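Student: Right, I'll just put the structure down here and ask away after.
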Amino acid sequence: MKEKRNLSYYVWLAHRISGVILVLYLFAHLWTLSAALAGEKSFDQTLQVFDNPVVRFFELILVAVVVFHTLNGLRLICLDLLPALPQEALSYTVIIITVLAALASVPFFF
Ligand code: HEM
């Protein structure tokens, strides 16, 4: 029989995926900053690549990824230290704060 996947599974999966996205972002960020070494003009040209709505949308997603990974990481650390904490309620809290943070960030990107 197929086992039903619960909230913990999806939050675990999202934490893993967000961790990988953060590592990939780190490399992309270092690549962008390295353009500054080639001078002001080169840096400006590189930054222009990011000045469009599609990239801004992905930057908004990145805000959600950072907030989710940080809060969920803190949730996991807290649960390691205090296993009696309400795991599911904390997961929902992390999800709600992540969604609110992403929504509050919209005016900064568009
Ligand atoms: C304050 C910020 C952060 C906190 C509190 C945090 C916390 C955590 C914790 C507790 C885990 C272990 C999860 C588990 O045991 O299943 C983890 C996994 C991971 N983190 Fe972070 N993290 C933070 C920032 C970052 C950053 C900046 C990156 C990347 C540049 C990153 C990449 C990863 C990756 C790749 C994993 C492994 C995911 C997996 O294999 O499931 N984290 N993080």
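Identifiers for the structure tokens are assigned positionally: chains receive A, B, ... in sequence, residues are indexed from 1 per chain, and ligands are indexed from 1 in the order shown.
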Show me which residues line ligand 1, defined as having an atom within 9 Å of a ligand atom where only C-alpha atoms and all ligand atoms count, and present them as a PyMOL selection string.
Tutor: chain A and resi 12-27+66-67+69-77
Student: So, counting only C-alpha atoms, which residue among A:Leu60, A:Thr46, A:Cys78, A:Pro83 is closest to Thr98 (chain A)?
Tutor: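 Among the listed residues, the smallest separation from Thr98 (chain A) belongs to A:Leu60.
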Student: What parts of chain A does DSSP call alpha helix (DSSP H)? I'd like the answer as a PyMOL selection string.
Tutor: chain A and resi 7-34+40-49+53-81+87-109
Student: Env of Pro53 (chain A): 8 Å cut, atoms = only C-alpha atoms, seq-sep filter 3 positions within chain, self excluded. Answer as a PyMOL selection string.
Tutor: chain A and resi 56-57+110
Student: Please compute the CA of Ala89 (chain A)-CA of Leu7 (chain A) distance, one decimal, in Å.
Tutor: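 We find that CA of Ala89 (chain A) and CA of Leu7 (chain A) lie 10.5 Å from each other.
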Student: Mind giving me the straight-line distance from CA of Asn6 (chain A) to CA of Ser91 (chain A) in Å, one decimal?
Tutor: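 We find that CA of Asn6 (chain A) and CA of Ser91 (chain A) lie 11.6 Å from each other.
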Student: Between CA of Val54 (chain A) and CA of Phe108 (chain A), what is the distance, to one decimal in Å?
Tutor: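 Separation of CA of Val54 (chain A) and CA of Phe108 (chain A): 14.3 Å.
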Student: With only C-alpha atoms as the atoms that count, which of A:Val99, A:Ala35, A:Leu30, A:Val106 lies nearest to Val65 (chain A)?
Tutor: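 Selected residue with least distance to Val65 (chain A): A:Val99.
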